[in-house]
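Notes to accompany the following structure.
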Amino acid sequence: MNASQSSPPFSEAALQQVERIFQRYPADRRQSAVMPLLHLAQKEFGGWLSQESMDYVAALVGIAPIRVYEVATFYTMYNLKPVGKYHVQVCTNISCWLCDSDAIAKTLQNKLRLSFGESSGDGRFTLTEVECLGACVNAPMLQINDDYYENLTPESVAKIIDQLP
Ligand code: FES
C-alpha cells in the first residue's frame, strides 16, 4: 500500500521528519519506526489517533494496519479518541499515591469539574488517570501535553491550571 493513497496526509514538514525517523533504523527494520511515527501522527492530527491515522502510519512503514493497532492500543501515550487542548494526565501510581496524589486528583476533578476519562464541553481539558510516568523522585506529578509538573501540592496544581493560556 502506498502511503500517498491514504488520507489524511502529513504536512511537508512532517514528511521530512518521517525521513529523519527512518534514517535511524536499518532499511530492513523500518517497522521499528512505528512508535515515533505514531507520536508524530498524533501531533499532526489533533492530539489523537483515528483508525485512518493509524492506517496511514501502517502504509508509511509498509506493514499491516493490525500491527500498528497493536502498538497504539498497548501504550497509554497514544490517544485513541479526541482529547482537549490540554490533556491533563495525573499519575496515581505507588510513589505518587504515597505522596498524596489523591489530593491532586481531587483538586483537579473539582476545579475542572471532570472525572477521570472525561473532557470538558468546551474542548479545553481532558483529565486522565495514568500509571507511573517515570518521575517518581519528584512525586506527586502530572503531565499536561508534553510538559511534566512535579512536587505538586493542591495549591500549586490549581495555580498551574489557572496559568494555562
Ligand atoms: S509513581 Fe508517579 S511518576 Fe512514578
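So you can find residues: chains in the C-alpha cells are A, B, ... in the order shown, residues in each start at 1, and ligands are numbered from 1 in order.
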
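Neighbours of ligand 1 at a cut-off of 9 Å, computed so that only C-alpha atoms and all ligand atoms are counted, are the residues Val90, Cys91, Thr92, Asn93, Ile94, Ser95, Cys96, Trp97, Leu98, Ser101, Val130, Glu131, Cys132, Leu133, Gly134, Ala135, Cys136, Val137, Asn138, Ala139, Pro140, Met141, Leu142 and Glu150 of chain A.
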
**Q.** Contacts of Glu44 (chain A) at 8 Å (only C-alpha atoms; same-chain gap of 3+ positions) as a ChimeraX atom specification
**A.** /A:10-11,14,40-41,47

Please dump the current selection as an mmCIF file, in the first residue's frame; keep N, CA and C atoms.
data_model
loop_
_atom_site.group_PDB
_atom_site.id
_atom_site.type_symbol
_atom_site.label_atom_id
_atom_site.label_comp_id
_atom_site.auth_asym_id
_atom_site.auth_seq_id
_atom_site.Cartn_x
_atom_site.Cartn_y
_atom_site.Cartn_z
ATOM 1 N N PHE A 10 0.394 13.674 5.839
ATOM 2 C CA PHE A 10 1.227 14.537 6.671
ATOM 3 C C PHE A 10 1.546 15.824 5.932
ATOM 4 N N SER A 11 1.879 16.850 6.688
ATOM 5 C CA SER A 11 2.378 18.101 6.102
ATOM 6 C C SER A 11 3.775 17.836 5.542
ATOM 7 N N ALA A 14 6.228 17.420 8.309
ATOM 8 C CA ALA A 14 6.131 16.118 8.965
ATOM 9 C C ALA A 14 6.740 15.030 8.086
ATOM 10 N N LEU A 40 4.355 11.188 16.013
ATOM 11 C CA LEU A 40 4.283 12.272 15.036
ATOM 12 C C LEU A 40 2.862 12.424 14.490
ATOM 13 N N ALA A 41 2.225 11.298 14.194
ATOM 14 C CA ALA A 41 0.859 11.333 13.659
ATOM 15 C C ALA A 41 -0.093 11.948 14.680
ATOM 16 N N GLY A 47 -3.808 15.577 18.210
ATOM 17 C CA GLY A 47 -3.606 15.030 19.545
ATOM 18 C C GLY A 47 -4.180 13.651 19.777
#

Got a sec: who's within 10 Å of Leu37 (chain A), counting only C-alpha atoms, leaving out chain neighbours fewer than 2 positions off, as a JSON list (two decimals) with C-alpha atoms, in the first residue's frame?
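The new file out-v6.json reads:
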[["chain", "number", "residue", "atom", "x", "y", "z"],
["A", 14, "ALA", "CA", 6.13, 16.12, 8.97],
["A", 17, "GLN", "CA", 10.57, 14.30, 9.86],
["A", 18, "VAL", "CA", 9.41, 10.87, 8.69],
["A", 21, "ILE", "CA", 13.00, 8.96, 11.69],
["A", 22, "PHE", "CA", 13.51, 6.24, 9.07],
["A", 31, "GLN", "CA", 8.87, -1.29, 11.32],
["A", 32, "SER", "CA", 10.85, -0.17, 14.36],
["A", 33, "ALA", "CA", 9.83, 3.37, 13.43],
["A", 34, "VAL", "CA", 6.19, 2.71, 14.29],
["A", 35, "MET", "CA", 6.30, 4.30, 17.73],
["A", 39, "HIS", "CA", 3.81, 10.04, 18.07],
["A", 40, "LEU", "CA", 4.28, 12.27, 15.04],
["A", 41, "ALA", "CA", 0.86, 11.33, 13.66],
["A", 42, "GLN", "CA", -0.75, 12.16, 16.98],
["A", 43, "LYS", "CA", 0.86, 15.60, 16.90],
["A", 54, "MET", "CA", -3.02, 4.52, 12.14],
["A", 56, "TYR", "CA", -1.65, 5.99, 7.25],
["A", 57, "VAL", "CA", 1.28, 5.13, 9.52],
["A", 58, "ALA", "CA", 1.00, 1.46, 8.53],
["A", 60, "LEU", "CA", 4.20, 4.69, 5.51],
["A", 61, "VAL", "CA", 6.04, 1.84, 7.19]]

Q: From region 7-131 of chain A, collect each residue whose DSSP state is helix (DSSP H, G or I) and return the set as JSON, numbers by chain.
A: {"A": [12, 13, 14, 15, 16, 17, 18, 19, 20, 21, 22, 27, 28, 29, 30, 31, 32, 33, 34, 35, 36, 37, 38, 39, 40, 41, 42, 43, 44, 51, 52, 53, 54, 55, 56, 57, 58, 59, 60, 61, 65, 66, 67, 68, 69, 70, 71, 72, 73, 74, 94, 95, 96, 97, 98, 101, 102, 103, 104, 105, 106, 107, 108, 109, 110, 111, 112]}

Q.
What's around region 69-75 of chain A at 10 Å? Count only C-alpha atoms, leave out sequence neighbours fewer than 2 positions away in its own chain, and write the answer as a ChimeraX atom specification.
A. /A:34-35,38-39,49,51,54-55,58,64-67,77-80

Q.
Give me the residues near Ile161 (chain A) as a PyMOL selection string, where near means some atom within 9 Å (using only C-alpha atoms) and where sequence neighbours in that chain fewer than 2 positions away do not count.
A. chain A and resi 108+111-112+156-159+163-164

Any chance you could export the current selection's C-alpha atoms as an mmCIF file, in the first residue's frame?
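File produced: out_35.cif:
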data_model
loop_
_atom_site.group_PDB
_atom_site.id
_atom_site.type_symbol
_atom_site.label_atom_id
_atom_site.label_comp_id
_atom_site.auth_asym_id
_atom_site.auth_seq_id
_atom_site.Cartn_x
_atom_site.Cartn_y
_atom_site.Cartn_z
ATOM 1 C CA LEU A 108 -8.269 18.747 39.543
ATOM 2 C CA LYS A 111 -11.519 22.573 39.569
ATOM 3 C CA LEU A 112 -12.159 21.191 36.100
ATOM 4 C CA SER A 156 0.357 24.507 43.055
ATOM 5 C CA VAL A 157 -1.777 22.366 40.791
ATOM 6 C CA ALA A 158 -4.644 24.857 40.984
ATOM 7 C CA LYS A 159 -2.197 27.626 40.051
ATOM 8 C CA GLN A 163 -1.997 29.949 34.392
ATOM 9 C CA LEU A 164 -2.641 27.929 31.237
#

Q) So what do you get for CA of Leu127 (chain A) versus CA of Val88 (chain A), distance-wise? A) 4.9 Å

Under the rule of at most 8 Å, produce a per-residue listing of region 119-165 of chain A near region 81-87 of chain A: chain, number, name, the closest pair of atoms, and the distance in Å, as CSV, using only C-alpha atoms.
residue,atom,partner,partner_atom,distance
A:Ser119,CA,A:Gly84,CA,6.2
A:Ser120,CA,A:Gly84,CA,7.3
A:Gly123,CA,A:Gly84,CA,4.7
A:Arg124,CA,A:Gly84,CA,4.7
A:Phe125,CA,A:Gly84,CA,4.4
A:Thr126,CA,A:His87,CA,4.8
A:Leu127,CA,A:His87,CA,6.3
A:Thr128,CA,A:His87,CA,7.5
A:Gln143,CA,A:His87,CA,7.8
A:Ile144,CA,A:His87,CA,5.4
A:Asn145,CA,A:His87,CA,5.4

Q) Could you write out, as a list in words, all the residues of chain A that DSSP marks as strand (DSSP E or B)? A)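 Answer for chain A, restricted to strand (DSSP E or B): Tyr86, His87, Val88, Gln89, Val90, Cys91, Glu118, Ser119, Phe125, Thr126, Leu127, Thr128, Glu129, Val130, Leu142, Gln143, Ile144, Asp147, Tyr148 and Tyr149 of chain A.
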